[in-house]
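Student: Input file: my_file_29.pdb. Contents: PDB, C-alpha atoms, pLDDT in the B column.
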ATOM      1  CA  MET A   1      -5.833 -16.152   6.138  1.00 64.00           C
ATOM      2  CA  PRO A   2      -4.723 -16.623   2.506  1.00 66.00           C
ATOM      3  CA  LEU A   3      -1.083 -16.416   3.595  1.00 70.00           C
ATOM      4  CA  LEU A   4      -1.634 -19.141   6.167  1.00 70.00           C
ATOM      5  CA  ALA A   5      -3.528 -21.294   3.672  1.00 68.00           C
ATOM      6  CA  ALA A   6      -0.616 -21.021   1.244  1.00 69.00           C
ATOM      7  CA  CYS A   7       1.822 -22.315   3.870  1.00 77.00           C
ATOM      8  CA  ILE A   8      -0.472 -24.758   5.640  1.00 80.00           C
ATOM      9  CA  ARG A   9      -3.290 -26.767   4.061  1.00 83.00           C
ATOM     10  CA  GLU A  10      -6.882 -25.801   4.862  1.00 82.00           C
ATOM     11  CA  GLN A  11      -7.491 -29.191   6.469  1.00 85.00           C
ATOM     12  CA  LYS A  12      -4.687 -28.571   8.937  1.00 87.00           C
ATOM     13  CA  LEU A  13      -5.988 -25.060   9.718  1.00 85.00           C
ATOM     14  CA  LEU A  14      -9.452 -26.518  10.296  1.00 86.00           C
ATOM     15  CA  SER A  15      -8.031 -29.163  12.620  1.00 88.00           C
ATOM     16  CA  ILE A  16      -6.041 -26.580  14.575  1.00 86.00           C
ATOM     17  CA  GLY A  17      -9.056 -24.300  14.917  1.00 86.00           C
ATOM     18  CA  LEU A  18     -11.378 -27.073  16.094  1.00 88.00           C
ATOM     19  CA  PHE A  19      -8.814 -28.543  18.481  1.00 90.00           C
ATOM     20  CA  MET A  20      -8.026 -25.206  20.087  1.00 87.00           C
ATOM     21  CA  SER A  21     -11.755 -24.543  20.397  1.00 86.00           C
ATOM     22  CA  PHE A  22     -12.114 -27.845  22.238  1.00 89.00           C
ATOM     23  CA  ILE A  23      -9.172 -27.045  24.535  1.00 88.00           C
ATOM     24  CA  SER A  24     -10.608 -23.613  25.304  1.00 85.00           C
ATOM     25  CA  MET A  25     -14.031 -25.054  26.186  1.00 85.00           C
ATOM     26  CA  PHE A  26     -12.459 -27.827  28.256  1.00 88.00           C
ATOM     27  CA  VAL A  27     -10.272 -25.445  30.256  1.00 86.00           C
ATOM     28  CA  ASN A  28     -13.262 -23.160  30.846  1.00 85.00           C
ATOM     29  CA  SER A  29     -15.346 -26.087  32.088  1.00 86.00           C
ATOM     30  CA  ILE A  30     -12.801 -27.106  34.723  1.00 88.00           C
ATOM     31  CA  ALA A  31     -11.672 -23.609  35.672  1.00 84.00           C
ATOM     32  CA  TRP A  32     -10.134 -23.951  39.124  1.00 86.00           C
ATOM     33  CA  SER A  33      -9.617 -20.251  39.686  1.00 87.00           C
ATOM     34  CA  ASP A  34     -11.260 -16.976  38.749  1.00 87.00           C
ATOM     35  CA  TRP A  35      -8.509 -15.987  36.327  1.00 87.00           C
ATOM     36  CA  ILE A  36      -8.599 -19.164  34.186  1.00 85.00           C
ATOM     37  CA  PRO A  37     -11.475 -18.100  31.862  1.00 84.00           C
ATOM     38  CA  TYR A  38      -9.658 -14.867  31.100  1.00 84.00           C
ATOM     39  CA  VAL A  39      -6.463 -16.665  30.151  1.00 82.00           C
ATOM     40  CA  SER A  40      -8.232 -19.349  28.125  1.00 81.00           C
ATOM     41  CA  THR A  41      -9.874 -16.627  26.067  1.00 81.00           C
ATOM     42  CA  ALA A  42      -6.508 -16.190  24.380  1.00 82.00           C
ATOM     43  CA  LEU A  43      -7.046 -19.610  22.795  1.00 77.00           C
ATOM     44  CA  GLY A  44     -10.226 -18.247  21.245  1.00 76.00           C
ATOM     45  CA  ILE A  45      -8.240 -16.524  18.534  1.00 80.00           C
ATOM     46  CA  PHE A  46      -7.633 -19.913  16.934  1.00 78.00           C
ATOM     47  CA  ILE A  47     -11.374 -20.567  16.725  1.00 79.00           C
ATOM     48  CA  TYR A  48     -11.538 -18.087  13.853  1.00 79.00           C
ATOM     49  CA  LEU A  49      -9.360 -20.366  11.725  1.00 78.00           C
ATOM     50  CA  ALA A  50     -12.076 -23.014  11.496  1.00 82.00           C
ATOM     51  CA  HIS A  51     -14.869 -21.140   9.715  1.00 80.00           C
ATOM     52  CA  PRO A  52     -12.933 -19.756   6.702  1.00 82.00           C
ATOM     53  CA  SER A  53     -11.065 -23.034   6.314  1.00 83.00           C
ATOM     54  CA  LEU A  54     -14.290 -25.002   6.227  1.00 82.00           C
ATOM     55  CA  ARG A  55     -15.816 -22.633   3.658  1.00 79.00           C
ATOM     56  CA  SER A  56     -12.707 -22.899   1.492  1.00 80.00           C
ATOM     57  CA  ILE A  57     -12.710 -26.696   1.612  1.00 82.00           C
ATOM     58  CA  VAL A  58     -16.402 -26.907   0.722  1.00 79.00           C
ATOM     59  CA  SER A  59     -16.185 -24.378  -2.116  1.00 78.00           C
ATOM     60  CA  LYS A  60     -13.324 -26.315  -3.704  1.00 81.00           C
ATOM     61  CA  GLN A  61     -15.322 -29.553  -3.633  1.00 82.00           C
ATOM     62  CA  ILE A  62     -18.315 -28.314  -5.613  1.00 80.00           C
ATOM     63  CA  GLY A  63     -18.497 -27.117  -9.191  1.00 77.00           C
ATOM     64  CA  PRO A  64     -18.620 -23.477 -10.250  1.00 75.00           C
ATOM     65  CA  ASN A  65     -22.292 -23.801 -11.238  1.00 77.00           C
ATOM     66  CA  ASP A  66     -23.262 -24.941  -7.753  1.00 77.00           C
ATOM     67  CA  GLN A  67     -21.555 -22.105  -5.854  1.00 74.00           C
ATOM     68  CA  GLU A  68     -24.716 -20.008  -5.826  1.00 77.00           C
ATOM     69  CA  LYS A  69     -26.805 -22.929  -4.515  1.00 77.00           C
ATOM     70  CA  LEU A  70     -24.305 -23.489  -1.728  1.00 73.00           C
ATOM     71  CA  ARG A  71     -24.304 -19.819  -0.770  1.00 73.00           C
ATOM     72  CA  ASP A  72     -28.122 -19.707  -0.734  1.00 76.00           C
ATOM     73  CA  ALA A  73     -28.288 -22.853   1.409  1.00 74.00           C
ATOM     74  CA  TYR A  74     -25.717 -21.456   3.813  1.00 69.00           C
ATOM     75  CA  GLU A  75     -27.529 -18.130   4.233  1.00 73.00           C
ATOM     76  CA  ALA A  76     -30.932 -19.764   4.771  1.00 60.00           C
TER      77      ALA A  76
END
Give the structure from the file, written as structure tokens.
Tutor:
Amino acid sequence: MPLLAACIREQKLLSIGLFMSFISMFVNSIAWSDWIPYVSTALGIFIYLAHPSLRSIVSKQIGPNDQEKLRDAYEA
């Protein structure tokens, strides 16, 4: 993930992850054959780009003193 973030901005990784998640859900909802959900699962690998990107974006927007408050709020 850090190598991707160095090449591509976190906002772009977040957009890619969310868009591919949408495409995967959409294809699963209109699956016209039994094999479609299995193939669309391959798009699910991009879903894992969204969560770390979002955490990185949020942690950069708050000060170092508020990091602990953010972590506590996230875990609650």
Student: So what does the PyMOL selection byres ((chain A and resi 19) around 12) actually pick up in this one, as a PyMOL selection string?
Tutor: chain A and resi 12-18+20-26+43-44+46-50
Student: Just the number, please: distance in Å from CA of Leu54 in chain A to CA of Ala73 in chain A, one decimal.
Tutor: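 Atom-to-atom, CA of Leu54 in chain A to CA of Ala73 in chain A, that is 15.0 Å.
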Student: If we count only C-alpha atoms, what is near Arg71 in chain A at a cut-off of 12 Å, once residues fewer than 6 positions away on the same chain are taken out, given as a list in words?
Tutor: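 The residues that qualify are Arg55, Val58, Ser59, Ile62, Pro64 and Asn65 of chain A.
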Student: Considering all atoms listed in the file, state which residue in the set A:Leu3, A:Trp32, A:Tyr38, A:Arg9 is at the smallest distance from Ile57 in chain A.
Tutor: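 Closest to Ile57 in chain A of all the choices is A:Arg9.
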Student: Could you give me the centre and size, in Å to one decimal, of an axis-aligned box around all listed atoms of range 28-45 of chain A with 8 Å added on every side, as lines of an AutoDock Vina configuration file?
Tutor:
center_x = -10.9
center_y = -21.0
center_z = 29.1
size_x = 24.9
size_y = 28.2
size_z = 37.2
Student: Measuring atom to atom with all atoms listed in the file, identify which of A:Ser53, A:Glu68, A:Lys60, A:Glu75 is nearest to Glu10 in chain A.
Tutor: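 Checking each candidate against Glu10 in chain A, we get A:Ser53 as the closest.
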Student: Do you have the CA of Leu4 in chain A-CA of Pro37 in chain A distance handy?
Tutor: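 CA of Pro37 in chain A lies at a distance of 27.5 Å from CA of Leu4 in chain A.
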Student: Using N, CA, C and O atoms, give me range 49-76 of chain A from the structure I just pasted, as a PDB file, in the first residue's frame.
Tutor:
ATOM      1  N   LEU A  49      -8.462  -1.308  -1.063  1.00  0.00           N
ATOM      2  CA  LEU A  49      -7.740  -0.051  -1.233  1.00  0.00           C
ATOM      3  C   LEU A  49      -8.422   1.087  -0.489  1.00  0.00           C
ATOM      4  O   LEU A  49      -7.771   2.047  -0.086  1.00  0.00           O
ATOM      5  N   ALA A  50      -9.734   0.989  -0.300  1.00  0.00           N
ATOM      6  CA  ALA A  50     -10.503   2.099   0.244  1.00  0.00           C
ATOM      7  C   ALA A  50     -10.202   2.348   1.719  1.00  0.00           C
ATOM      8  O   ALA A  50      -9.966   3.493   2.119  1.00  0.00           O
ATOM      9  N   HIS A  51     -10.193   1.328   2.534  1.00  0.00           N
ATOM     10  CA  HIS A  51     -10.061   1.514   3.978  1.00  0.00           C
ATOM     11  C   HIS A  51      -8.716   2.140   4.383  1.00  0.00           C
ATOM     12  O   HIS A  51      -8.707   3.143   5.096  1.00  0.00           O
ATOM     13  N   PRO A  52      -7.572   1.612   3.950  1.00  0.00           N
ATOM     14  CA  PRO A  52      -6.311   2.259   4.335  1.00  0.00           C
ATOM     15  C   PRO A  52      -6.164   3.664   3.760  1.00  0.00           C
ATOM     16  O   PRO A  52      -5.585   4.538   4.404  1.00  0.00           O
ATOM     17  N   SER A  53      -6.692   3.881   2.572  1.00  0.00           N
ATOM     18  CA  SER A  53      -6.609   5.214   1.976  1.00  0.00           C
ATOM     19  C   SER A  53      -7.401   6.221   2.793  1.00  0.00           C
ATOM     20  O   SER A  53      -6.940   7.335   3.040  1.00  0.00           O
ATOM     21  N   LEU A  54      -8.584   5.821   3.204  1.00  0.00           N
ATOM     22  CA  LEU A  54      -9.422   6.710   4.010  1.00  0.00           C
ATOM     23  C   LEU A  54      -8.754   7.019   5.344  1.00  0.00           C
ATOM     24  O   LEU A  54      -8.739   8.172   5.790  1.00  0.00           O
ATOM     25  N   ARG A  55      -8.176   6.023   5.982  1.00  0.00           N
ATOM     26  CA  ARG A  55      -7.488   6.246   7.263  1.00  0.00           C
ATOM     27  C   ARG A  55      -6.288   7.172   7.085  1.00  0.00           C
ATOM     28  O   ARG A  55      -6.014   8.017   7.932  1.00  0.00           O
ATOM     29  N   SER A  56      -5.568   7.028   5.988  1.00  0.00           N
ATOM     30  CA  SER A  56      -4.418   7.876   5.730  1.00  0.00           C
ATOM     31  C   SER A  56      -4.839   9.324   5.505  1.00  0.00           C
ATOM     32  O   SER A  56      -4.222  10.250   6.030  1.00  0.00           O
ATOM     33  N   ILE A  57      -5.896   9.520   4.748  1.00  0.00           N
ATOM     34  CA  ILE A  57      -6.393  10.867   4.473  1.00  0.00           C
ATOM     35  C   ILE A  57      -6.838  11.541   5.765  1.00  0.00           C
ATOM     36  O   ILE A  57      -6.497  12.699   6.040  1.00  0.00           O
ATOM     37  N   VAL A  58      -7.578  10.825   6.590  1.00  0.00           N
ATOM     38  CA  VAL A  58      -8.088  11.398   7.836  1.00  0.00           C
ATOM     39  C   VAL A  58      -6.947  11.700   8.798  1.00  0.00           C
ATOM     40  O   VAL A  58      -6.924  12.755   9.430  1.00  0.00           O
ATOM     41  N   SER A  59      -5.974  10.808   8.916  1.00  0.00           N
ATOM     42  CA  SER A  59      -4.883  11.041   9.861  1.00  0.00           C
ATOM     43  C   SER A  59      -4.008  12.216   9.449  1.00  0.00           C
ATOM     44  O   SER A  59      -3.409  12.873  10.294  1.00  0.00           O
ATOM     45  N   LYS A  60      -3.938  12.510   8.164  1.00  0.00           N
ATOM     46  CA  LYS A  60      -3.163  13.666   7.714  1.00  0.00           C
ATOM     47  C   LYS A  60      -3.894  14.973   7.950  1.00  0.00           C
ATOM     48  O   LYS A  60      -3.279  16.035   7.989  1.00  0.00           O
ATOM     49  N   GLN A  61      -5.217  14.929   8.118  1.00  0.00           N
ATOM     50  CA  GLN A  61      -5.994  16.147   8.275  1.00  0.00           C
ATOM     51  C   GLN A  61      -6.129  16.598   9.722  1.00  0.00           C
ATOM     52  O   GLN A  61      -6.578  17.716   9.960  1.00  0.00           O
ATOM     53  N   ILE A  62      -5.762  15.770  10.669  1.00  0.00           N
ATOM     54  CA  ILE A  62      -5.858  16.183  12.069  1.00  0.00           C
ATOM     55  C   ILE A  62      -4.458  16.325  12.646  1.00  0.00           C
ATOM     56  O   ILE A  62      -3.492  15.780  12.120  1.00  0.00           O
ATOM     57  N   GLY A  63      -4.369  17.057  13.733  1.00  0.00           N
ATOM     58  CA  GLY A  63      -3.079  17.317  14.361  1.00  0.00           C
ATOM     59  C   GLY A  63      -2.543  16.105  15.104  1.00  0.00           C
ATOM     60  O   GLY A  63      -3.276  15.163  15.400  1.00  0.00           O
ATOM     61  N   PRO A  64      -1.257  16.137  15.440  1.00  0.00           N
ATOM     62  CA  PRO A  64      -0.656  15.001  16.134  1.00  0.00           C
ATOM     63  C   PRO A  64      -1.236  14.778  17.535  1.00  0.00           C
ATOM     64  O   PRO A  64      -1.237  13.666  18.037  1.00  0.00           O
ATOM     65  N   ASN A  65      -1.747  15.828  18.161  1.00  0.00           N
ATOM     66  CA  ASN A  65      -2.332  15.681  19.494  1.00  0.00           C
ATOM     67  C   ASN A  65      -3.700  15.023  19.450  1.00  0.00           C
ATOM     68  O   ASN A  65      -4.171  14.506  20.466  1.00  0.00           O
ATOM     69  N   ASP A  66      -4.359  15.060  18.317  1.00  0.00           N
ATOM     70  CA  ASP A  66      -5.697  14.504  18.199  1.00  0.00           C
ATOM     71  C   ASP A  66      -5.710  13.079  17.641  1.00  0.00           C
ATOM     72  O   ASP A  66      -6.769  12.495  17.472  1.00  0.00           O
ATOM     73  N   GLN A  67      -4.565  12.521  17.336  1.00  0.00           N
ATOM     74  CA  GLN A  67      -4.497  11.173  16.775  1.00  0.00           C
ATOM     75  C   GLN A  67      -5.095  10.136  17.728  1.00  0.00           C
ATOM     76  O   GLN A  67      -5.798   9.233  17.302  1.00  0.00           O
ATOM     77  N   GLU A  68      -4.802  10.290  19.011  1.00  0.00           N
ATOM     78  CA  GLU A  68      -5.315   9.324  19.986  1.00  0.00           C
ATOM     79  C   GLU A  68      -6.837   9.420  20.101  1.00  0.00           C
ATOM     80  O   GLU A  68      -7.521   8.408  20.197  1.00  0.00           O
ATOM     81  N   LYS A  69      -7.371  10.636  20.046  1.00  0.00           N
ATOM     82  CA  LYS A  69      -8.834  10.814  20.107  1.00  0.00           C
ATOM     83  C   LYS A  69      -9.498  10.166  18.895  1.00  0.00           C
ATOM     84  O   LYS A  69     -10.536   9.542  19.011  1.00  0.00           O
ATOM     85  N   LEU A  70      -8.892  10.341  17.744  1.00  0.00           N
ATOM     86  CA  LEU A  70      -9.434   9.734  16.529  1.00  0.00           C
ATOM     87  C   LEU A  70      -9.421   8.221  16.611  1.00  0.00           C
ATOM     88  O   LEU A  70     -10.393   7.557  16.277  1.00  0.00           O
ATOM     89  N   ARG A  71      -8.316   7.657  17.096  1.00  0.00           N
ATOM     90  CA  ARG A  71      -8.212   6.209  17.215  1.00  0.00           C
ATOM     91  C   ARG A  71      -9.243   5.673  18.200  1.00  0.00           C
ATOM     92  O   ARG A  71      -9.890   4.659  17.954  1.00  0.00           O
ATOM     93  N   ASP A  72      -9.433   6.353  19.331  1.00  0.00           N
ATOM     94  CA  ASP A  72     -10.412   5.928  20.326  1.00  0.00           C
ATOM     95  C   ASP A  72     -11.828   6.006  19.770  1.00  0.00           C
ATOM     96  O   ASP A  72     -12.658   5.145  20.020  1.00  0.00           O
ATOM     97  N   ALA A  73     -12.126   7.055  19.005  1.00  0.00           N
ATOM     98  CA  ALA A  73     -13.450   7.195  18.408  1.00  0.00           C
ATOM     99  C   ALA A  73     -13.690   6.133  17.355  1.00  0.00           C
ATOM    100  O   ALA A  73     -14.803   5.625  17.206  1.00  0.00           O
ATOM    101  N   TYR A  74     -12.647   5.771  16.619  1.00  0.00           N
ATOM    102  CA  TYR A  74     -12.787   4.765  15.580  1.00  0.00           C
ATOM    103  C   TYR A  74     -13.013   3.376  16.181  1.00  0.00           C
ATOM    104  O   TYR A  74     -13.769   2.570  15.653  1.00  0.00           O
ATOM    105  N   GLU A  75     -12.336   3.089  17.275  1.00  0.00           N
ATOM    106  CA  GLU A  75     -12.452   1.755  17.892  1.00  0.00           C
ATOM    107  C   GLU A  75     -13.733   1.603  18.689  1.00  0.00           C
ATOM    108  O   GLU A  75     -14.133   0.480  18.984  1.00  0.00           O
ATOM    109  N   ALA A  76     -14.377   2.682  19.051  1.00  0.00           N
ATOM    110  CA  ALA A  76     -15.602   2.604  19.866  1.00  0.00           C
ATOM    111  C   ALA A  76     -16.788   2.133  19.084  1.00  0.00           C
ATOM    112  O   ALA A  76     -16.882   1.903  17.992  1.00  0.00           O
TER     113      ALA A  76
END
